[in-house]
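Structure file upload_33.cif (mmCIF, C-alpha atoms) is printed below.
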data_model
#
loop_
_atom_site.label_atom_id
_atom_site.label_comp_id
_atom_site.auth_asym_id
_atom_site.auth_seq_id
_atom_site.Cartn_x
_atom_site.Cartn_y
_atom_site.Cartn_z
CA MET A 1 65.47 11.44 -0.51
CA LEU A 2 66.11 13.54 2.59
CA GLU A 3 63.66 16.31 3.26
CA LEU A 4 64.85 19.83 2.44
CA PRO A 5 65.58 22.25 5.30
CA ASP A 6 62.92 24.88 5.97
CA ARG A 7 65.19 27.69 4.82
CA ALA A 8 65.70 25.96 1.45
CA LYS A 9 61.95 25.51 1.08
CA ARG A 10 61.27 29.18 1.83
CA SER A 11 63.87 30.27 -0.73
CA GLY A 12 62.08 28.32 -3.45
CA TYR A 13 64.90 25.86 -4.00
CA ASP A 14 63.88 22.97 -6.24
CA PRO A 15 66.46 20.15 -6.61
CA GLN A 16 64.75 18.94 -9.79
CA GLN A 17 65.45 22.19 -11.63
CA PRO A 18 68.93 22.83 -13.14
CA VAL A 19 71.04 25.30 -11.22
CA GLU A 20 72.21 28.38 -13.10
CA GLU A 21 75.88 28.19 -14.04
CA GLY A 22 78.12 30.27 -11.81
CA TRP A 23 80.34 33.15 -12.91
CA LEU A 24 83.53 31.07 -12.62
CA PHE A 25 82.22 28.36 -14.94
CA ARG A 26 80.94 30.91 -17.46
CA SER A 27 84.29 32.73 -17.40
CA ILE A 28 86.27 29.53 -17.96
CA MET A 29 84.00 28.37 -20.76
CA GLY A 30 84.07 31.77 -22.44
CA ARG A 31 80.39 32.59 -21.84
CA GLU A 32 79.79 36.18 -20.99
CA GLU A 33 76.21 35.61 -19.90
CA SER A 34 74.42 32.72 -18.24
CA PRO A 35 71.64 30.89 -20.03
CA ALA A 36 69.15 32.57 -17.68
CA THR A 37 70.00 36.01 -19.04
CA THR A 38 69.16 35.24 -22.65
CA SER A 39 66.52 37.43 -24.17
CA GLN A 40 62.88 36.33 -23.71
CA PRO A 41 60.14 36.70 -26.30
CA SER A 42 58.52 40.12 -26.19
CA THR A 43 55.18 40.69 -24.56
CA ALA A 44 53.59 41.48 -27.91
CA VAL A 45 54.70 38.14 -29.31
CA SER A 46 53.34 36.27 -26.31
CA ALA A 47 50.07 38.10 -26.56
CA ALA A 48 49.82 37.45 -30.27
CA ALA A 49 50.61 33.78 -29.68
CA ASN A 50 47.87 33.53 -27.05
CA GLN A 51 45.42 35.28 -29.32
CA ASN A 52 46.38 33.00 -32.21
CA GLN A 53 45.86 29.95 -30.02
CA SER A 54 42.51 31.12 -28.70
CA THR A 55 41.08 31.80 -32.18
CA GLY A 56 42.27 28.42 -33.43
CA GLN A 57 44.46 29.92 -36.13
CA ASN A 58 47.77 28.18 -36.74
CA ALA A 59 50.98 29.37 -38.32
CA GLN A 60 49.58 28.64 -41.79
CA GLY A 61 46.59 30.97 -41.26
CA ASN A 62 46.17 34.58 -42.33
CA VAL A 63 46.97 36.27 -39.02
CA GLN A 64 50.56 37.54 -38.95
CA GLN A 65 52.31 37.95 -35.57
CA THR A 66 54.55 40.96 -35.01
CA THR A 67 57.07 41.97 -32.40
CA ALA A 68 56.97 45.16 -30.40
CA SER A 69 59.09 46.90 -33.04
CA GLY A 70 56.62 45.93 -35.78
CA SER A 71 58.78 43.33 -37.53
CA PRO A 72 57.01 40.11 -38.46
CA VAL A 73 57.61 36.98 -36.40
CA GLN A 74 58.37 33.77 -38.26
CA PRO A 75 55.44 31.41 -37.87
CA THR A 76 55.90 28.16 -35.99
CA SER A 77 55.32 25.31 -38.41
CA ALA A 78 54.79 21.66 -37.80
CA THR A 79 57.44 20.86 -40.39
CA GLU A 80 60.95 22.01 -41.26
CA PRO A 81 61.50 23.97 -44.49
CA THR A 82 62.62 20.67 -46.04
CA GLY A 83 59.25 19.16 -45.32
CA GLU A 84 60.47 16.66 -42.72
CA PRO A 85 58.22 16.54 -39.66
CA LEU A 86 59.61 17.71 -36.35
CA PRO A 87 59.56 15.28 -33.41
CA PRO A 88 56.81 15.89 -30.86
CA ALA A 89 57.65 17.87 -27.75
CA ASP A 90 57.64 14.83 -25.52
CA ALA A 91 59.72 12.65 -27.88
CA ASP A 92 63.08 11.36 -26.83
CA THR A 93 65.97 13.62 -27.79
CA VAL A 94 67.96 12.34 -30.74
CA ILE A 95 71.66 12.23 -29.86
CA VAL A 96 73.90 12.94 -32.81
CA PRO A 97 77.35 11.36 -32.32
CA ARG A 98 80.24 13.80 -32.30
CA SER A 99 82.87 13.63 -34.97
CA ASP A 100 86.52 12.90 -34.17
CA GLU A 101 87.34 16.50 -35.03
CA GLU A 102 84.89 17.81 -32.44
CA LYS A 103 86.28 15.41 -29.83
CA ASP A 104 89.83 16.59 -30.53
CA GLU A 105 88.75 20.22 -30.21
CA GLU A 106 87.09 19.48 -26.88
CA GLU A 107 90.20 17.68 -25.58
CA ASP A 108 92.44 20.58 -26.65
CA PHE A 109 90.09 22.99 -24.91
CA ILE A 110 90.19 21.00 -21.68
CA LEU A 111 93.96 20.44 -21.73
CA PHE A 112 95.16 23.85 -22.83
CA GLU A 113 92.52 26.54 -22.90
CA ILE A 114 90.93 25.96 -19.48
CA PRO A 115 94.26 26.05 -17.56
CA LYS A 116 95.20 29.17 -19.52
CA ARG A 117 91.97 30.95 -18.58
CA LEU A 118 92.25 29.81 -14.98
CA GLY A 119 95.77 31.24 -14.87
CA LYS A 120 94.48 34.58 -16.13
CA LEU A 121 91.81 34.66 -13.42
CA PHE A 122 94.38 34.38 -10.63
CA GLN A 123 97.11 36.46 -12.31
CA PRO A 124 98.17 39.60 -10.44
CA LYS A 125 96.74 42.78 -11.86
CA ARG A 126 99.07 44.60 -14.27
CA ASP A 127 99.91 47.85 -12.52
CA GLU A 128 102.98 49.83 -13.55
CA SER A 129 102.85 52.32 -10.67
CA LEU A 130 102.51 49.54 -8.08
CA ALA A 131 105.36 47.61 -9.69
CA ARG A 132 107.64 50.65 -9.54
CA ALA A 133 106.72 51.28 -5.91
CA LEU A 134 107.46 47.67 -4.97
CA TYR A 135 110.76 47.82 -6.82
CA GLN A 136 111.80 50.94 -4.89
CA GLU A 137 110.88 49.28 -1.61
CA GLY A 138 112.95 46.25 -2.57
CA ALA A 139 115.91 48.45 -3.52
CA GLU A 140 115.78 50.19 -0.15
CA LEU A 141 115.67 46.86 1.71
CA TYR A 142 118.57 45.61 -0.43
CA ARG A 143 120.67 48.64 0.54
CA ARG A 144 119.94 47.92 4.20
CA GLY A 145 121.10 44.33 3.85
CA GLN A 146 117.62 42.85 4.37
CA TYR A 147 118.03 40.56 1.39
CA GLU A 148 115.21 38.08 1.85
CA GLU A 149 112.63 40.84 2.37
CA ALA A 150 114.05 42.64 -0.66
CA ALA A 151 113.74 39.50 -2.79
CA ALA A 152 110.04 39.19 -1.95
CA LYS A 153 109.43 42.80 -3.05
CA PHE A 154 111.35 42.33 -6.30
CA LYS A 155 109.37 39.20 -7.15
CA LYS A 156 106.07 41.01 -6.58
CA ALA A 157 107.22 43.93 -8.69
CA ALA A 158 108.05 41.54 -11.56
CA LYS A 159 104.59 39.96 -11.39
CA HIS A 160 102.74 43.27 -11.49
CA TRP A 161 104.46 44.49 -14.67
CA PRO A 162 105.38 41.47 -16.83
CA ASN A 163 107.19 41.73 -20.17
CA SER A 164 108.84 44.99 -19.30
CA PRO A 165 112.37 46.27 -18.57
CA LEU A 166 111.37 46.57 -14.92
CA GLU A 167 110.54 42.85 -14.81
CA GLU A 168 114.00 42.03 -16.15
CA ASP A 169 115.63 44.21 -13.49
CA ALA A 170 113.38 42.84 -10.75
CA LEU A 171 114.10 39.20 -11.58
CA PHE A 172 117.84 39.87 -11.59
CA MET A 173 117.68 41.75 -8.28
CA ALA A 174 115.58 38.97 -6.75
CA GLY A 175 118.31 36.49 -7.69
CA GLU A 176 121.00 38.78 -6.30
CA SER A 177 119.07 39.23 -3.06
CA TYR A 178 118.70 35.50 -2.55
CA PHE A 179 122.36 34.97 -3.52
CA PHE A 180 123.66 37.35 -0.85
CA ALA A 181 121.19 35.91 1.66
CA ASP A 182 122.83 32.50 1.06
CA ARG A 183 119.58 31.07 -0.29
CA TYR A 184 121.18 29.55 -3.35
CA PRO A 185 118.28 27.33 -4.52
CA GLN A 186 115.93 30.34 -4.69
CA ALA A 187 118.67 32.44 -6.29
CA GLU A 188 119.25 29.81 -8.99
CA ASN A 189 115.50 29.64 -9.68
CA ALA A 190 115.30 33.42 -10.08
CA TYR A 191 118.33 33.51 -12.39
CA LEU A 192 116.92 30.67 -14.48
CA GLU A 193 113.56 32.43 -14.81
CA LEU A 194 115.41 35.53 -16.00
CA LEU A 195 117.44 33.54 -18.56
CA LYS A 196 114.39 31.77 -19.92
CA LYS A 197 112.35 34.93 -20.34
CA TYR A 198 115.15 37.30 -21.40
CA GLU A 199 117.59 35.13 -23.31
CA PHE A 200 119.87 38.04 -24.21
CA THR A 201 119.61 39.88 -20.92
CA ARG A 202 122.17 42.56 -20.22
CA TYR A 203 122.92 40.76 -16.94
CA LEU A 204 124.11 37.60 -18.72
CA ASP A 205 127.76 37.89 -17.69
CA ILE A 206 126.94 38.30 -14.01
CA VAL A 207 124.30 35.58 -14.04
CA SER A 208 126.74 33.14 -15.68
CA LYS A 209 129.26 33.78 -12.91
CA ARG A 210 126.59 33.26 -10.26
CA GLU A 211 125.37 30.02 -11.85
CA PHE A 212 128.91 28.65 -12.07
CA ALA A 213 129.67 29.60 -8.46
CA ILE A 214 126.45 27.98 -7.22
CA GLY A 215 127.15 24.80 -9.18
CA ARG A 216 130.70 24.57 -7.83
CA TYR A 217 129.49 25.13 -4.25
CA TRP A 218 126.79 22.45 -4.50
CA GLU A 219 129.19 19.94 -6.07
CA GLN A 220 131.86 20.46 -3.40
CA VAL A 221 129.47 20.47 -0.45
CA GLU A 222 127.81 17.27 -1.70
CA LEU A 223 131.22 15.58 -1.86
CA SER A 224 132.10 16.67 1.67
CA ARG A 225 128.64 16.16 3.26
CA PRO A 226 126.63 13.75 1.10
CA SER A 227 122.85 13.87 1.21
CA MET A 228 120.93 10.95 2.65
CA LEU A 229 120.94 8.20 0.01
CA GLY A 230 122.54 10.80 -2.24
CA LEU A 231 119.16 12.45 -2.82
CA VAL A 232 117.57 14.15 0.19
CA GLN A 233 118.87 16.63 2.73
CA TRP A 234 117.24 19.09 5.10
CA GLY A 235 118.43 21.70 7.53
CA ASP A 236 120.87 23.38 5.13
CA LYS A 237 119.13 26.25 3.33
CA THR A 238 122.09 26.82 1.06
CA ARG A 239 121.40 23.50 -0.70
CA PRO A 240 118.36 22.12 -2.51
CA THR A 241 116.24 19.67 -0.56
CA PHE A 242 116.47 17.09 -3.35
CA ASP A 243 119.39 16.02 -5.56
CA THR A 244 122.08 18.56 -4.72
CA TRP A 245 124.58 16.95 -7.10
CA GLY A 246 122.10 16.87 -10.00
CA ARG A 247 121.24 20.53 -9.45
CA ALA A 248 124.96 21.36 -9.53
CA ILE A 249 125.29 19.67 -12.93
CA LYS A 250 122.22 21.60 -14.11
CA ALA A 251 123.76 24.90 -13.00
CA TYR A 252 126.92 24.10 -15.01
CA GLN A 253 124.86 23.23 -18.05
CA ASN A 254 122.89 26.48 -17.81
CA VAL A 255 126.13 28.44 -18.17
CA ARG A 256 126.96 26.77 -21.48
CA LEU A 257 123.35 26.67 -22.68
CA TYR A 258 122.59 30.37 -22.23
CA ASP A 259 126.10 31.79 -22.71
CA PRO A 260 127.87 29.35 -25.09
CA THR A 261 130.49 31.88 -26.17
CA GLY A 262 131.05 33.41 -22.74
CA PRO A 263 134.30 33.20 -20.75
CA LEU A 264 132.94 30.45 -18.47
CA ALA A 265 131.40 28.15 -21.07
CA ASP A 266 134.47 25.89 -21.42
CA ASP A 267 134.99 25.94 -17.63
CA ALA A 268 131.43 24.76 -17.16
CA VAL A 269 131.88 21.86 -19.62
CA MET A 270 135.13 20.82 -17.95
CA ALA A 271 133.56 21.01 -14.50
CA THR A 272 130.65 18.85 -15.70
CA ALA A 273 133.03 16.24 -17.13
CA ASN A 274 135.12 16.15 -13.95
CA ALA A 275 132.00 15.78 -11.80
CA TYR A 276 130.89 12.76 -13.83
CA PHE A 277 134.41 11.28 -13.70
CA LEU A 278 134.54 11.52 -9.90
CA LYS A 279 131.12 9.87 -9.72
CA GLY A 280 132.36 6.93 -11.78
CA ARG A 281 130.08 7.74 -14.72
CA TYR A 282 132.87 7.39 -17.25
CA GLU A 283 130.77 7.37 -20.41
CA ASP A 284 129.16 10.71 -19.49
CA ALA A 285 132.56 12.10 -18.50
CA ALA A 286 134.12 11.00 -21.78
CA TYR A 287 131.27 12.60 -23.74
CA HIS A 288 131.85 15.99 -22.10
CA TYR A 289 135.63 15.78 -22.46
CA ASP A 290 135.14 15.13 -26.18
CA LEU A 291 132.60 17.97 -26.32
CA LEU A 292 135.14 20.40 -24.89
CA ARG A 293 137.82 19.26 -27.36
CA LYS A 294 135.40 19.69 -30.25
CA ASP A 295 133.67 23.00 -29.38
CA TYR A 296 136.43 24.73 -27.41
CA SER A 297 139.63 23.51 -29.03
CA GLN A 298 141.49 26.69 -27.99
CA SER A 299 140.51 26.37 -24.34
CA GLU A 300 143.14 26.20 -21.65
CA HIS A 301 141.50 22.91 -20.60
CA ALA A 302 141.89 21.25 -24.03
CA VAL A 303 145.03 19.24 -23.19
CA ASN A 304 143.74 18.06 -19.82
CA ALA A 305 140.38 17.23 -21.41
CA ALA A 306 142.11 15.04 -24.03
CA LEU A 307 144.24 13.28 -21.37
CA LEU A 308 141.20 12.58 -19.20
CA ALA A 309 139.15 11.57 -22.24
CA ILE A 310 141.66 8.76 -22.93
CA LYS A 311 141.33 7.57 -19.34
CA ALA A 312 137.53 7.85 -19.30
CA HIS A 313 137.16 5.91 -22.55
CA GLU A 314 139.50 3.19 -21.31
CA LEU A 315 137.54 2.86 -18.07
CA SER A 316 134.23 2.67 -19.94
CA TYR A 317 135.55 -0.17 -22.15
CA GLN A 318 134.07 -3.46 -20.91
CA GLY A 319 136.36 -6.03 -22.52
CA PRO A 320 137.29 -7.74 -25.79
CA LEU A 321 133.87 -9.38 -26.24
CA TYR A 322 132.02 -6.05 -26.00
CA ASP A 323 131.77 -2.90 -28.10
CA GLY A 324 135.15 -1.54 -29.16
CA THR A 325 134.01 2.05 -29.80
CA PRO A 326 135.55 3.40 -26.55
CA LEU A 327 138.97 2.13 -27.70
CA GLU A 328 138.59 3.88 -31.05
CA LYS A 329 137.68 7.16 -29.35
CA ALA A 330 140.53 6.85 -26.88
CA GLU A 331 142.97 6.27 -29.73
CA ARG A 332 141.69 9.37 -31.58
CA ALA A 333 142.19 11.47 -28.44
CA ALA A 334 145.75 10.16 -28.09
CA ASP A 335 146.54 10.88 -31.74
CA GLU A 336 145.15 14.39 -31.37
CA LEU A 337 147.41 15.03 -28.39
CA LEU A 338 150.48 13.75 -30.21
CA THR A 339 149.81 15.89 -33.29
CA VAL A 340 147.75 19.00 -32.51
CA TYR A 341 148.92 19.59 -28.94
CA ARG A 342 152.42 18.11 -29.09
CA ASP A 343 153.99 21.46 -28.17
CA ARG A 344 151.81 21.74 -25.05
CA LEU A 345 152.24 18.19 -23.77
CA GLY A 346 155.54 18.50 -21.95
CA SER A 347 156.12 15.62 -19.52
CA ASP A 348 152.66 14.21 -20.32
CA ARG A 349 153.94 12.93 -23.66
CA GLU A 350 155.25 9.73 -22.05
CA GLU A 351 151.87 9.13 -20.44
CA VAL A 352 150.13 9.52 -23.80
CA LEU A 353 152.51 7.06 -25.49
CA ARG A 354 151.96 4.55 -22.70
CA ALA A 355 148.16 4.92 -23.05
CA LYS A 356 148.42 4.45 -26.82
CA ASN A 357 150.38 1.22 -26.34
CA GLU A 358 147.72 -0.04 -23.93
CA ILE A 359 145.01 0.72 -26.49
CA THR A 360 146.95 -1.21 -29.13
CA GLU A 361 147.24 -4.21 -26.79
CA GLU A 362 143.49 -4.11 -26.12
CA LYS A 363 142.67 -3.95 -29.83
CA ALA A 364 144.98 -6.92 -30.52
CA MET A 365 143.31 -8.88 -27.74
CA ARG A 366 139.94 -8.34 -29.45
CA TYR A 367 141.20 -10.20 -32.55
CA PHE A 368 142.70 -12.95 -30.39
CA ALA A 369 139.45 -13.32 -28.40
CA ILE A 370 137.45 -13.88 -31.60
CA GLY A 371 139.98 -16.52 -32.64
CA GLN A 372 139.56 -18.21 -29.24
CA TYR A 373 135.79 -18.23 -29.69
CA TYR A 374 136.07 -20.31 -32.87
CA ASP A 375 138.94 -22.33 -31.43
CA ASN A 376 136.84 -23.49 -28.46
CA ARG A 377 134.12 -24.64 -30.87
CA HIS A 378 136.60 -26.58 -33.02
CA TYR A 379 136.21 -24.31 -36.04
CA TYR A 380 139.95 -24.28 -36.50
CA GLY A 381 139.86 -22.71 -39.94
CA ALA A 382 138.16 -19.55 -38.64
CA ALA A 383 140.37 -19.57 -35.54
CA ARG A 384 143.54 -19.67 -37.67
CA TYR A 385 142.19 -16.76 -39.74
CA TYR A 386 141.83 -14.48 -36.69
CA TYR A 387 145.06 -15.63 -35.11
CA ARG A 388 146.89 -14.75 -38.33
CA ALA A 389 145.07 -11.40 -38.46
CA THR A 390 146.36 -10.71 -34.95
CA LEU A 391 149.92 -11.41 -36.11
CA ARG A 392 149.47 -9.27 -39.22
CA GLU A 393 147.76 -6.23 -37.63
CA PHE A 394 149.47 -6.20 -34.23
CA PRO A 395 152.79 -8.05 -34.56
CA HIS A 396 154.50 -6.55 -31.49
CA THR A 397 151.87 -7.31 -28.89
CA LYS A 398 151.36 -9.97 -26.26
CA ALA A 399 148.27 -11.16 -28.11
CA ALA A 400 150.43 -11.81 -31.19
CA VAL A 401 152.75 -14.08 -29.18
CA LEU A 402 149.76 -16.05 -27.87
CA ALA A 403 148.26 -16.27 -31.36
CA ALA A 404 151.49 -17.62 -32.88
CA GLU A 405 151.73 -20.30 -30.18
CA ARG A 406 148.13 -21.38 -30.72
CA ILE A 407 148.59 -21.58 -34.52
CA ARG A 408 151.38 -24.10 -34.00
CA GLN A 409 149.19 -26.14 -31.65
CA ILE A 410 146.22 -26.46 -34.01
CA ASP A 411 148.27 -26.89 -37.17
CA GLY A 412 146.89 -29.78 -39.23
CA LEU A 413 143.51 -29.93 -37.49
CA PRO A 414 140.39 -29.85 -39.74
CA ASP A 415 138.84 -26.49 -40.53
CA LYS A 416 135.43 -27.62 -39.25
CA PRO A 417 134.34 -30.16 -36.64
CA PRO A 418 132.96 -33.53 -37.92
CA ASN A 419 129.27 -33.61 -38.76
CA ARG A 420 127.78 -35.92 -36.14
CA PHE A 421 124.27 -35.59 -37.54
CA LYS A 422 125.06 -36.35 -41.17
CA PHE A 423 121.97 -38.52 -41.58
CA LEU A 424 119.75 -35.55 -40.69
CA THR A 425 121.51 -33.06 -42.93
CA ASP A 426 121.44 -35.53 -45.81
CA LEU A 427 117.71 -35.96 -45.26
CA PHE A 428 117.07 -32.22 -45.45
CA GLU A 429 119.28 -31.83 -48.50
CA SER A 430 117.47 -34.65 -50.33
CA ASN A 431 114.11 -32.98 -49.53
CA LYS A 432 115.38 -29.74 -51.02
CA GLU A 433 116.38 -31.48 -54.26
CA GLU A 434 112.99 -33.20 -54.82
CA PRO A 435 110.96 -30.10 -55.94
#
Please rewrite the model in this file as C-alpha cells.
Amino acid sequence: MLELPDRAKRSGYDPQQPVEEGWLFRSIMGREESPATTSQPSTAVSAAANQNQSTGQNAQGNVQQTTASGSPVQPTSATEPTGEPLPPADADTVIVPRSDEEKDEEEDFILFEIPKRLGKLFQPKRDESLARALYQEGAELYRRGQYEEAAAKFKKAAKHWPNSPLEEDALFMAGESYFFADRYPQAENAYLELLKKYEFTRYLDIVSKREFAIGRYWEQVELSRPSMLGLVQWGDKTRPTFDTWGRAIKAYQNVRLYDPTGPLADDAVMATANAYFLKGRYEDAAYHYDLLRKDYSQSEHAVNAALLAIKAHELSYQGPLYDGTPLEKAERAADELLTVYRDRLGSDREEVLRAKNEITEEKAMRYFAIGQYYDNRHYYGAARYYYRATLREFPHTKAAVLAAERIRQIDGLPDKPPNRFKFLTDLFESNKEEP
C-alpha cells in the first residue's frame, strides 16, 4: 500500500476506518443525520459502567445503573430475554438472508425513489415573485421581437412556479416565442409540454393550429429537401436534427390526440393518411383513411378518404395466395360510397364502379388460384369443386371463363392421384387394426 501524504497523516486520516457518509448520500437515502451524530451514552452511565466493572459486579448484581436524569438503565445480560446466549463480541456476524419482499422494496427504491429525490435536489427553487419578474422580462423581450431571449425567460418563469396559471401562460408564450423565431422543433416541444401538463388548456385552439402548421411544414420540406438517408439533417434550425418526416406525423397525431373534436382533427387524420400514401406505406394509409370515415363521417374529406381507401387497400393486397382482408375492406369502402355518399360522388361514380369490378375480379381469381393449387397436385376432385365455385360465385369474370375451360379439360380424371405407396399404407392400417 502506498504511504499516505504528510498532510493526510497530520489530519488523522485512517484508511482502515469507515468514512462518515456525506450529506448527499444521507439526503438521497432519507437519513437526516449521519451515523456519527447519533446520541452517545451519558457520562453517568459510562461512570456507572466503569464502577460496576471495577467492583466485579455484573448486570445480575444488586447495583442499579442510572442515567443523568435518574431513570434506570437496562442491565447488559449475557443472554437474550428468551434465554438464548448471545454470540461473543469477536464472533463472525451471522448474515440473515433477505426475503424476496425486501429485495423488491430495495429495487423499487433504487429505480424510482432515488431518481425522484435526486430530481428534487436539483429542482429550481419555487419562487412566485421571481417567476412573475421573469415572465414580465420575457413579455417585454417578446414585444421587442427578441423571441429567442423571450423564450428563455418564459421557460425559467415556468420552472420557478410549477403547477400554477403562470406556468401555463409561460409554457404557451415560450412556444409562441420559438414559433415566431422560426425554431419549430423547440416550439413543438414547448407546446407538447403544455398539452401534457394542462390537457384542457385555454390555449388549445391556438396550439392545435400551430401543431398542424408545423407538421405540414416539416412534411413538405422533407419532400422537397430530403434528409440524409431520410433520417439526419443539420444546418436548418427550422427542422429537427433527426427524423423530420416522423416528427411531422407526430405533430399531426398530437392535434387529434389532444383536440379530437376540434376543427382540425379530421384535417390532421387526412394529412397523416396522405403522408403515408405518398411514402408507399399503403397499409398505414388505409388504416387512417378508414379511421377518418369511421370517426369523422361528416367531414369534408370523407368522400376523398373513401376513394383513397379503396386504392390503398388494393395496393396493399399481395395476391390471390395471400390474405384477402384488404379486398374485403376495399369492397366495403366502395359500397359505402355508392350508398351513403352517392349524392356527393359526381363524376367519381364511374371510378368507384370500375374499382368495384376490379375487386370482384380479384376475389374470383382467389377461388381459381385455389383450384389451380389442387389441379397441379392431381387432386382433380377438389380442383373441380373450386372451379365450379368460381363459376357459381363470380359468373361474369375472366376467372370464370378460365375455370370453365379447365373443368372441360379435367373431366373424367380421378378425384385423387393413384396411391404409389399402397404397401406402406396397408401396413400402417393393418397395425392399427391389431390392438
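For A:Asp375, the non-local neighbours within 12 Å, defined as residues at least 4 positions apart in the same chain or in other chains and counting only C-alpha atoms, are Phe368, Ala369, Ile370, Gly371, Tyr379, Tyr380, Gly381, Ala382, Ala383, Arg384, Tyr385, Tyr386, Tyr387, Ala403, Arg406, Ile407, Gln409, Ile410, Asp411, Leu413, Pro414, Asp415, Lys416 and Pro417 of chain A.
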Atomic separation - atom CA of A:Lys125 relative to atom CA of A:Tyr147, Å: 25.2 Å
Matched chain/residue IDs from the PyMOL selection byres ((chain A and resi 237-241) around 12), as a PDB file with C-alpha atoms, in the coordinates of the input:
ATOM      1  CA  TYR A 178     118.700  35.500  -2.550  1.00  0.00           C
ATOM      2  CA  PHE A 179     122.360  34.970  -3.520  1.00  0.00           C
ATOM      3  CA  PHE A 180     123.660  37.350  -0.850  1.00  0.00           C
ATOM      4  CA  ALA A 181     121.190  35.910   1.660  1.00  0.00           C
ATOM      5  CA  ASP A 182     122.830  32.500   1.060  1.00  0.00           C
ATOM      6  CA  ARG A 183     119.580  31.070  -0.290  1.00  0.00           C
ATOM      7  CA  TYR A 184     121.180  29.550  -3.350  1.00  0.00           C
ATOM      8  CA  PRO A 185     118.280  27.330  -4.520  1.00  0.00           C
ATOM      9  CA  GLN A 186     115.930  30.340  -4.690  1.00  0.00           C
ATOM     10  CA  ALA A 187     118.670  32.440  -6.290  1.00  0.00           C
ATOM     11  CA  GLU A 188     119.250  29.810  -8.990  1.00  0.00           C
ATOM     12  CA  ASN A 189     115.500  29.640  -9.680  1.00  0.00           C
ATOM     13  CA  ILE A 214     126.450  27.980  -7.220  1.00  0.00           C
ATOM     14  CA  GLY A 215     127.150  24.800  -9.180  1.00  0.00           C
ATOM     15  CA  ARG A 216     130.700  24.570  -7.830  1.00  0.00           C
ATOM     16  CA  TYR A 217     129.490  25.130  -4.250  1.00  0.00           C
ATOM     17  CA  TRP A 218     126.790  22.450  -4.500  1.00  0.00           C
ATOM     18  CA  GLU A 219     129.190  19.940  -6.070  1.00  0.00           C
ATOM     19  CA  GLN A 220     131.860  20.460  -3.400  1.00  0.00           C
ATOM     20  CA  VAL A 221     129.470  20.470  -0.450  1.00  0.00           C
ATOM     21  CA  GLU A 222     127.810  17.270  -1.700  1.00  0.00           C
ATOM     22  CA  ARG A 225     128.640  16.160   3.260  1.00  0.00           C
ATOM     23  CA  PRO A 226     126.630  13.750   1.100  1.00  0.00           C
ATOM     24  CA  SER A 227     122.850  13.870   1.210  1.00  0.00           C
ATOM     25  CA  MET A 228     120.930  10.950   2.650  1.00  0.00           C
ATOM     26  CA  GLY A 230     122.540  10.800  -2.240  1.00  0.00           C
ATOM     27  CA  LEU A 231     119.160  12.450  -2.820  1.00  0.00           C
ATOM     28  CA  VAL A 232     117.570  14.150   0.190  1.00  0.00           C
ATOM     29  CA  GLN A 233     118.870  16.630   2.730  1.00  0.00           C
ATOM     30  CA  TRP A 234     117.240  19.090   5.100  1.00  0.00           C
ATOM     31  CA  GLY A 235     118.430  21.700   7.530  1.00  0.00           C
ATOM     32  CA  ASP A 236     120.870  23.380   5.130  1.00  0.00           C
ATOM     33  CA  PHE A 242     116.470  17.090  -3.350  1.00  0.00           C
ATOM     34  CA  ASP A 243     119.390  16.020  -5.560  1.00  0.00           C
ATOM     35  CA  THR A 244     122.080  18.560  -4.720  1.00  0.00           C
ATOM     36  CA  TRP A 245     124.580  16.950  -7.100  1.00  0.00           C
ATOM     37  CA  GLY A 246     122.100  16.870 -10.000  1.00  0.00           C
ATOM     38  CA  ARG A 247     121.240  20.530  -9.450  1.00  0.00           C
ATOM     39  CA  ALA A 248     124.960  21.360  -9.530  1.00  0.00           C
TER      40      ALA A 248
END
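Going from atom CA of A:Thr325 to atom CA of A:Ala355 covers 15.9 Å.
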Straight-line distance linking atom CA of A:Ala157 with atom CA of A:Lys209, stated in Å to one decimal: 24.6 Å
Using all atoms listed in the file, which residues sit within 9 Å of stretch 303-318 of chain A once same-chain residues fewer than 6 positions away are excluded, as a compact mmCIF listing (two decimals) with C-alpha atoms, in the coordinates of the input?
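What landed in around_26.txt:
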# COMPACT_ATOMS: atom_id res chain seq x y z
CA MET A 270 135.13 20.82 -17.95
CA ALA A 273 133.03 16.24 -17.13
CA ASN A 274 135.12 16.15 -13.95
CA PHE A 277 134.41 11.28 -13.70
CA ARG A 281 130.08 7.74 -14.72
CA TYR A 282 132.87 7.39 -17.25
CA GLU A 283 130.77 7.37 -20.41
CA ASP A 284 129.16 10.71 -19.49
CA ALA A 285 132.56 12.10 -18.50
CA ALA A 286 134.12 11.00 -21.78
CA TYR A 287 131.27 12.60 -23.74
CA HIS A 288 131.85 15.99 -22.10
CA TYR A 289 135.63 15.78 -22.46
CA ASP A 290 135.14 15.13 -26.18
CA LEU A 292 135.14 20.40 -24.89
CA ARG A 293 137.82 19.26 -27.36
CA GLY A 324 135.15 -1.54 -29.16
CA THR A 325 134.01 2.05 -29.80
CA PRO A 326 135.55 3.40 -26.55
CA LEU A 327 138.97 2.13 -27.70
CA GLU A 328 138.59 3.88 -31.05
CA LYS A 329 137.68 7.16 -29.35
CA ALA A 330 140.53 6.85 -26.88
CA GLU A 331 142.97 6.27 -29.73
CA ARG A 332 141.69 9.37 -31.58
CA ALA A 333 142.19 11.47 -28.44
CA ALA A 334 145.75 10.16 -28.09
CA GLU A 336 145.15 14.39 -31.37
CA LEU A 337 147.41 15.03 -28.39
CA TYR A 341 148.92 19.59 -28.94
CA ARG A 344 151.81 21.74 -25.05
CA LEU A 345 152.24 18.19 -23.77
CA ASP A 348 152.66 14.21 -20.32
CA GLU A 351 151.87 9.13 -20.44
CA VAL A 352 150.13 9.52 -23.80
CA ALA A 355 148.16 4.92 -23.05
CA LYS A 356 148.42 4.45 -26.82
CA ILE A 359 145.01 0.72 -26.49
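Across A:Gln372, A:Thr261, A:Ser129, A:Thr360, the tightest approach to A:Glu393 is made by A:Thr360 when counting all atoms listed in the file.
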Surrounding residues of stretch 161-166 of chain A excluding itself and chain neighbours under 5 positions, 8 Å, only C-alpha atoms, as a PyMOL selection string: chain A and resi 126-128+131-132
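Using all atoms listed in the file, the nearest neighbour of A:Gly319 within the list A:Glu176, A:Glu140, A:Glu361, A:Asp343 is A:Glu361.
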Residues within 12 Å of (125.3, 30.2, -23.2), file coords, only C-alpha atoms, listed as a PyMOL selection string: chain A and resi 195-196+199-201+204-205+207-209+211-212+251-269
